[in-house]
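The structure file final36.txt is reproduced below (compact mmCIF, C-alpha atoms).
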# COMPACT_ATOMS: atom_id res chain seq x y z
CA MET A 1 18.82 -73.80 -36.97
CA LYS A 2 15.18 -72.80 -37.04
CA VAL A 3 14.13 -71.41 -33.67
CA ALA A 4 10.59 -70.39 -32.72
CA VAL A 5 10.69 -67.83 -29.91
CA ILE A 6 7.35 -67.74 -28.10
CA GLY A 7 7.08 -64.40 -26.34
CA GLY A 8 9.53 -63.16 -28.95
CA THR A 9 8.51 -59.50 -28.77
CA GLY A 10 9.12 -59.07 -25.03
CA LEU A 11 12.13 -57.83 -23.05
CA ILE A 12 14.11 -61.07 -23.27
CA GLY A 13 12.49 -62.75 -26.26
CA SER A 14 13.16 -59.86 -28.65
CA GLN A 15 16.84 -59.84 -27.74
CA VAL A 16 17.07 -63.62 -28.10
CA VAL A 17 15.65 -63.29 -31.61
CA ARG A 18 18.15 -60.58 -32.46
CA ASN A 19 21.09 -62.61 -31.12
CA LEU A 20 20.08 -65.76 -32.98
CA LYS A 21 19.64 -63.92 -36.26
CA ALA A 22 23.02 -62.24 -35.82
CA ALA A 23 24.55 -65.70 -35.42
CA GLY A 24 23.00 -66.85 -38.70
CA HIS A 25 20.04 -68.83 -37.38
CA GLU A 26 16.43 -68.54 -38.51
CA ALA A 27 14.71 -67.08 -35.47
CA VAL A 28 11.00 -66.28 -35.66
CA PRO A 29 9.26 -64.24 -32.92
CA HIS A 30 5.74 -65.23 -31.90
CA SER A 31 3.36 -63.44 -29.55
CA HIS A 32 -0.20 -62.14 -29.27
CA SER A 33 0.71 -59.52 -31.87
CA THR A 34 1.57 -62.25 -34.40
CA GLY A 35 -1.57 -64.27 -33.66
CA VAL A 36 -0.15 -66.80 -31.18
CA ASP A 37 -1.92 -67.38 -27.85
CA VAL A 38 -0.38 -69.91 -25.47
CA ILE A 39 -3.55 -70.08 -23.35
CA SER A 40 -6.13 -70.73 -26.07
CA GLY A 41 -3.56 -72.49 -28.24
CA GLN A 42 -4.42 -70.30 -31.22
CA GLY A 43 -1.61 -70.30 -33.78
CA LEU A 44 0.69 -72.42 -31.61
CA ASP A 45 0.82 -75.49 -33.84
CA GLU A 46 1.73 -73.37 -36.83
CA ALA A 47 4.31 -71.38 -34.86
CA VAL A 48 6.36 -74.39 -33.77
CA ALA A 49 5.88 -76.69 -36.78
CA GLY A 50 9.23 -77.51 -38.32
CA ALA A 51 11.24 -75.71 -35.64
CA ASP A 52 14.40 -77.38 -34.37
CA VAL A 53 14.11 -75.48 -31.09
CA VAL A 54 11.35 -73.64 -29.25
CA VAL A 55 12.31 -70.93 -26.76
CA ASN A 56 9.47 -69.96 -24.43
CA THR A 57 9.85 -66.57 -22.73
CA THR A 58 6.15 -65.92 -22.15
CA ASN A 59 5.16 -64.78 -18.69
CA SER A 60 2.04 -64.75 -16.57
CA PRO A 61 0.16 -61.43 -16.63
CA THR A 62 -0.14 -61.61 -12.84
CA PHE A 63 2.17 -62.66 -10.00
CA ASP A 64 -0.58 -64.05 -7.76
CA ALA A 65 -2.17 -67.50 -7.50
CA ALA A 66 -3.60 -67.13 -11.03
CA SER A 67 -0.06 -67.57 -12.36
CA LEU A 68 -0.27 -71.29 -11.54
CA ALA A 69 -3.10 -71.77 -14.02
CA PHE A 70 -1.27 -69.70 -16.62
CA PHE A 71 1.84 -71.86 -16.57
CA GLN A 72 -0.12 -75.11 -16.37
CA THR A 73 -2.20 -74.31 -19.44
CA SER A 74 0.52 -72.63 -21.47
CA MET A 75 3.00 -75.45 -20.95
CA ASP A 76 0.43 -78.16 -21.67
CA ASN A 77 -0.44 -76.41 -24.93
CA LEU A 78 3.19 -75.77 -25.87
CA LEU A 79 4.26 -79.36 -25.23
CA ALA A 80 1.34 -80.74 -27.24
CA ALA A 81 2.23 -78.48 -30.17
CA ALA A 82 5.94 -79.32 -29.89
CA ARG A 83 5.31 -83.06 -29.93
CA LYS A 84 3.01 -82.68 -32.93
CA GLY A 85 5.54 -80.51 -34.74
CA GLY A 86 8.55 -82.72 -34.09
CA VAL A 87 10.43 -80.13 -32.02
CA GLY A 88 13.72 -81.47 -30.67
CA HIS A 89 14.45 -79.00 -27.87
CA ILE A 90 12.42 -76.64 -25.67
CA VAL A 91 14.06 -73.89 -23.61
CA ILE A 92 12.39 -71.91 -20.83
CA LEU A 93 13.60 -69.08 -18.61
CA SER A 94 13.17 -69.42 -14.85
CA ILE A 95 14.59 -67.95 -11.62
CA VAL A 96 17.61 -68.86 -9.50
CA GLY A 97 16.40 -70.23 -6.16
CA VAL A 98 12.81 -70.46 -7.38
CA ASP A 99 12.22 -73.76 -5.58
CA GLN A 100 13.40 -72.28 -2.28
CA VAL A 101 10.61 -69.69 -1.87
CA PRO A 102 7.32 -71.64 -1.76
CA GLU A 103 5.66 -68.75 0.07
CA LEU A 104 5.43 -66.80 -3.20
CA ASP A 105 2.63 -67.90 -5.55
CA TYR A 106 4.58 -66.82 -8.62
CA TYR A 107 7.66 -68.80 -7.62
CA ARG A 108 5.55 -71.90 -7.04
CA ALA A 109 4.05 -71.34 -10.48
CA LYS A 110 7.50 -71.20 -12.08
CA VAL A 111 8.46 -74.45 -10.32
CA LEU A 112 5.29 -75.96 -11.78
CA GLN A 113 6.35 -74.76 -15.22
CA GLU A 114 9.77 -76.38 -14.80
CA ASN A 115 8.26 -79.67 -13.62
CA ILE A 116 5.78 -79.83 -16.50
CA LEU A 117 8.60 -79.28 -18.99
CA ALA A 118 10.86 -81.89 -17.40
CA ALA A 119 8.07 -84.48 -17.53
CA GLY A 120 6.89 -83.50 -21.01
CA GLY A 121 8.82 -86.00 -23.09
CA VAL A 122 10.66 -83.43 -25.23
CA PRO A 123 14.40 -82.73 -24.68
CA TYR A 124 14.65 -79.52 -22.72
CA SER A 125 16.77 -76.88 -21.05
CA ILE A 126 15.91 -74.61 -18.13
CA VAL A 127 17.88 -71.37 -17.77
CA ARG A 128 17.51 -69.93 -14.29
CA ALA A 129 18.50 -66.27 -13.96
CA THR A 130 18.86 -64.03 -10.94
CA GLN A 131 16.81 -60.82 -10.58
CA PHE A 132 16.86 -58.54 -13.63
CA MET A 133 18.48 -55.12 -13.21
CA GLU A 134 15.61 -53.74 -15.31
CA PHE A 135 13.10 -54.60 -12.57
CA MET A 136 14.71 -52.46 -9.86
CA ASP A 137 12.46 -49.46 -10.52
CA ASP A 138 9.40 -51.68 -10.05
CA VAL A 139 10.82 -53.09 -6.81
CA LEU A 140 11.31 -49.56 -5.51
CA SER A 141 7.79 -48.51 -6.47
CA TRP A 142 6.13 -51.47 -4.71
CA THR A 143 7.17 -50.30 -1.24
CA THR A 144 7.29 -46.52 -1.66
CA GLU A 145 5.22 -44.44 0.76
CA GLY A 146 5.69 -40.74 0.15
CA ASP A 147 9.43 -40.09 0.22
CA THR A 148 10.29 -43.39 1.91
CA VAL A 149 11.09 -46.74 0.33
CA ARG A 150 11.06 -49.78 2.59
CA LEU A 151 13.21 -52.71 1.51
CA PRO A 152 14.50 -55.83 3.24
CA ALA A 153 18.21 -56.68 3.31
CA THR A 154 17.64 -59.69 1.05
CA PRO A 155 20.81 -60.69 -0.84
CA ILE A 156 20.37 -60.55 -4.62
CA GLN A 157 22.74 -60.88 -7.58
CA PRO A 158 21.28 -58.65 -10.32
CA ILE A 159 21.79 -59.49 -13.99
CA ALA A 160 21.23 -57.36 -17.09
CA ALA A 161 18.50 -58.49 -19.47
CA ARG A 162 20.93 -58.45 -22.39
CA ASP A 163 23.15 -60.94 -20.55
CA VAL A 164 20.12 -63.16 -19.90
CA ALA A 165 19.23 -63.07 -23.59
CA ASP A 166 22.81 -63.99 -24.52
CA ALA A 167 22.69 -67.02 -22.22
CA VAL A 168 19.28 -68.16 -23.46
CA ALA A 169 20.37 -67.89 -27.10
CA GLU A 170 23.53 -69.87 -26.36
CA VAL A 171 21.58 -72.66 -24.67
CA ALA A 172 18.99 -72.71 -27.46
CA VAL A 173 21.49 -73.66 -30.15
CA GLY A 174 23.38 -76.14 -27.98
CA ALA A 175 22.53 -79.70 -27.01
CA PRO A 176 19.56 -79.97 -24.64
CA LEU A 177 20.68 -79.84 -21.01
CA ASN A 178 17.78 -81.96 -19.79
CA GLY A 179 18.43 -80.01 -16.64
CA ILE A 180 19.12 -76.52 -15.30
CA ARG A 181 21.78 -73.87 -15.94
CA ASN A 182 22.05 -71.01 -13.45
CA ILE A 183 23.20 -67.59 -14.63
CA ALA A 184 23.80 -64.55 -12.43
CA GLY A 185 25.25 -61.08 -12.33
CA PRO A 186 28.84 -60.59 -11.19
CA GLU A 187 28.02 -58.91 -7.84
CA VAL A 188 25.90 -59.59 -4.77
CA PHE A 189 24.09 -56.76 -3.00
CA THR A 190 21.47 -56.57 -0.30
CA LEU A 191 18.23 -55.24 -1.75
CA ASP A 192 18.18 -52.17 0.52
CA GLU A 193 21.77 -51.35 -0.47
CA LEU A 194 20.88 -51.72 -4.14
CA GLY A 195 17.91 -49.43 -3.65
CA ARG A 196 20.10 -46.70 -2.16
CA THR A 197 22.63 -47.00 -4.98
CA THR A 198 19.90 -46.82 -7.61
CA LEU A 199 18.21 -43.75 -6.14
CA SER A 200 21.51 -41.96 -5.59
CA ARG A 201 22.68 -42.51 -9.16
CA LYS A 202 19.35 -41.28 -10.52
CA GLY A 203 19.25 -38.18 -8.32
CA ASP A 204 16.11 -39.46 -6.61
CA ASP A 205 15.76 -38.04 -3.08
CA ARG A 206 13.64 -40.86 -1.69
CA ASP A 207 15.07 -42.41 1.47
CA VAL A 208 15.52 -46.18 1.78
CA VAL A 209 14.64 -47.66 5.17
CA THR A 210 15.69 -51.24 5.89
CA ASP A 211 12.52 -53.17 6.75
CA PRO A 212 12.64 -56.99 6.96
CA THR A 213 8.85 -57.17 6.45
CA ALA A 214 8.56 -55.02 3.31
CA GLY A 215 7.58 -56.28 -0.12
CA MET A 216 7.60 -59.68 -1.80
CA PHE A 217 11.27 -60.34 -1.08
CA ALA A 218 10.65 -60.20 2.66
CA VAL A 219 9.70 -63.90 2.65
CA VAL A 220 13.01 -64.95 1.09
CA ARG A 221 15.24 -66.79 3.55
CA GLY A 222 18.98 -66.31 3.45
CA ASP A 223 20.82 -66.01 0.15
CA VAL A 224 18.78 -68.46 -1.94
CA LEU A 225 18.35 -65.88 -4.74
CA THR A 226 22.12 -65.82 -5.31
CA ASP A 227 24.46 -68.51 -6.59
CA PRO A 228 28.26 -68.30 -6.33
CA HIS A 229 28.54 -71.28 -8.69
CA ALA A 230 26.36 -69.83 -11.46
CA ARG A 231 27.74 -68.76 -14.80
CA LEU A 232 28.53 -65.11 -14.16
CA ALA A 233 27.47 -62.46 -16.66
CA PRO A 234 29.82 -59.56 -17.43
CA THR A 235 27.64 -56.49 -16.80
CA ARG A 236 28.15 -54.79 -13.42
CA TYR A 237 25.25 -52.84 -11.92
CA GLU A 238 27.07 -49.49 -11.82
CA ASP A 239 27.97 -49.86 -15.49
CA TRP A 240 24.38 -50.77 -16.34
CA LEU A 241 23.12 -47.66 -14.54
CA SER A 242 25.47 -45.56 -16.65
Just give me the structure as structure tokens.
Amino acid sequence: MKVAVIGGTGLIGSQVVRNLKAAGHEAVPHSHSTGVDVISGQGLDEAVAGADVVVNTTNSPTFDAASLAFFQTSMDNLLAAARKGGVGHIVILSIVGVDQVPELDYYRAKVLQENILAAGGVPYSIVRATQFMEFMDDVLSWTTEGDTVRLPATPIQPIAARDVADAVAEVAVGAPLNGIRNIAGPEVFTLDELGRTTLSRKGDDRDVVTDPTAGMFAVVRGDVLTDPHARLAPTRYEDWLS
């Protein structure tokens, strides 16, 4: 199959390209560096023309209210190019529980992206993943003050980026879901617990204080960012840290 991977040089997109090529498919990465801009539309028609599948792993440069405009424009442009190019399947990557946290601008923007795709008239698949293990250092930095990190006890089910890429590649070469597939890591932790484990394993002497008001995950209610019925990835967090 010929697969155009938009955002194909990023964390997930580059691994999707590698996986697809290893499986014998023609996977072509597209990004700013290859002359493709999903906001202006520059190079988009050419990037998707003749592709059987388009995988879109592009992401908003911000996580605030501006992300709504990013996903609106980028999806409108992508769908127009896909229809013109005769694309038979579009795949996007989203977040488990994304529709359950309307307080976060970025999550509302991702729901908008999903809705635009579902209404776009092209067969589609949405892969929703839990929080990436790779983002834990960023989460810790957001709420660090001196030697103290404040984190809520929000339940999360971290997944390794390589496992996300495997799942996206698998969906890309399958029949369109015209719906959602949830994928998740094999273990559930509270965010504060995960913070302590991470710092301990890295020899970092910062202290984690449980604070239900700290950081973006403070607005998450209950365990909506986990899914016991998701397809479980193999990589455990302790093994990933190793």
For A:Arg181, which of A:Leu93, A:Leu104, A:Leu112, A:Ala153 is the closest residue, counting all atoms listed in the file?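 So, comparing all the options, the nearest one is A:Leu93.
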With stretch 4-20 of chain A as the partner and 10 Å as the cut-off, tabulate the residues of stretch 97-164 of chain A that qualify, each row holding the nearest pair of atoms and their distance in Å to one decimal, using only C-alpha atoms, sorted by chain and rising number, as JSON lines.
{"residue": "A:Glu134", "atom": "CA", "partner": "A:Leu11", "partner_atom": "CA", "distance": 9.4}
{"residue": "A:Ala161", "atom": "CA", "partner": "A:Ile12", "partner_atom": "CA", "distance": 6.4}
{"residue": "A:Arg162", "atom": "CA", "partner": "A:Gln15", "partner_atom": "CA", "distance": 6.9}
{"residue": "A:Asp163", "atom": "CA", "partner": "A:Ile12", "partner_atom": "CA", "distance": 9.4}
{"residue": "A:Val164", "atom": "CA", "partner": "A:Ile12", "partner_atom": "CA", "distance": 7.2}
Which residues of stretch 59-129 of chain A have any atom within 10 Å of an atom in stretch 226-240 of chain A when counting all atoms listed in the file, and what is the closest pair of atoms for each, with the distance in Å to one decimal? Order the rows by chain and rising number and write it as a Markdown table.
| residue | atom | partner | partner_atom | distance |
| --- | --- | --- | --- | --- |
| A:Val96 | CA | A:Thr226 | CA | 6.9 |
| A:Gly97 | CA | A:Thr226 | CA | 7.3 |
| A:Arg128 | CA | A:Ala230 | CA | 9.3 |
| A:Ala129 | CA | A:Ala230 | CA | 9.0 |
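Atom pair atom CA of A:Val54 / atom CA of A:Val3 has a distance of 5.7 Å (rounded to one decimal).
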Atomic separation - atom CA of A:Val127 relative to atom CA of A:Ala214, Å: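 Separating atom CA of A:Ala214 from atom CA of A:Val127 is a distance of 28.3 Å.
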Looking at A:Val98, A:Met216, A:Met75, A:Ile159, which one is nearest to A:Gly120, with distances taken over all atoms listed in the file? A:Met75
Radius query 9 Å about (4.8, -78.3, -30.0), atoms used: only C-alpha atoms, as a PDB file with C-alpha atoms, in the frame of the given file:
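Resulting contents of part.pdb:
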ATOM      1  CA  LEU A  44       0.690 -72.420 -31.610  1.00  0.00           C
ATOM      2  CA  ASP A  45       0.820 -75.490 -33.840  1.00  0.00           C
ATOM      3  CA  GLU A  46       1.730 -73.370 -36.830  1.00  0.00           C
ATOM      4  CA  ALA A  47       4.310 -71.380 -34.860  1.00  0.00           C
ATOM      5  CA  VAL A  48       6.360 -74.390 -33.770  1.00  0.00           C
ATOM      6  CA  ALA A  49       5.880 -76.690 -36.780  1.00  0.00           C
ATOM      7  CA  ALA A  51      11.240 -75.710 -35.640  1.00  0.00           C
ATOM      8  CA  VAL A  54      11.350 -73.640 -29.250  1.00  0.00           C
ATOM      9  CA  ASN A  77      -0.440 -76.410 -24.930  1.00  0.00           C
ATOM     10  CA  LEU A  78       3.190 -75.770 -25.870  1.00  0.00           C
ATOM     11  CA  LEU A  79       4.260 -79.360 -25.230  1.00  0.00           C
ATOM     12  CA  ALA A  80       1.340 -80.740 -27.240  1.00  0.00           C
ATOM     13  CA  ALA A  81       2.230 -78.480 -30.170  1.00  0.00           C
ATOM     14  CA  ALA A  82       5.940 -79.320 -29.890  1.00  0.00           C
ATOM     15  CA  ARG A  83       5.310 -83.060 -29.930  1.00  0.00           C
ATOM     16  CA  LYS A  84       3.010 -82.680 -32.930  1.00  0.00           C
ATOM     17  CA  GLY A  85       5.540 -80.510 -34.740  1.00  0.00           C
ATOM     18  CA  GLY A  86       8.550 -82.720 -34.090  1.00  0.00           C
ATOM     19  CA  VAL A  87      10.430 -80.130 -32.020  1.00  0.00           C
ATOM     20  CA  ILE A  90      12.420 -76.640 -25.670  1.00  0.00           C
TER      21      ILE A  90
END
A:Val208, A:Ala172, A:Val53, A:Ala109: which is nearest A:Ile126, counting only C-alpha atoms? A:Ala172
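Closest approach to A:Ala218 among A:Arg196, A:Ser242, A:Leu151, A:Arg206 is made by A:Leu151 (distances from all atoms listed in the file).
Counting only C-alpha atoms and comparing A:Val91, A:Ile39, A:Val173, A:Leu68, the residue that lies closest to A:Lys2 is A:Val173.
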If you measure from atom CA of A:Asn178 to atom CA of A:Leu117, what distance in Å do you get, rounded to one decimal?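 Between atom CA of A:Asn178 and atom CA of A:Leu117 the gap works out to 9.6 Å.
Among the candidates A:Asp166, A:Asp99, A:Asp105, A:Glu145, the residue lying nearest to A:Ala69 is A:Asp105 (atoms considered: all atoms listed in the file).
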Can you sort out the box for stretch 67-70 of chain A, edges along x, y and z, all listed atoms in, 4 Å on every side, with centre and edge lengths in Å to one decimal, as lines of an AutoDock Vina configuration file?
center_x = -1.6
center_y = -69.7
center_z = -14.1
size_x = 11.0
size_y = 12.2
size_z = 13.1
Env of stretch 114-116 of chain A: 8 Å cut, atoms = all atoms listed in the file, seq-sep filter 3 positions within chain, self excluded. Answer as a PyMOL selection string. chain A and resi 72+75-76+92+94+110-111+119-120+126
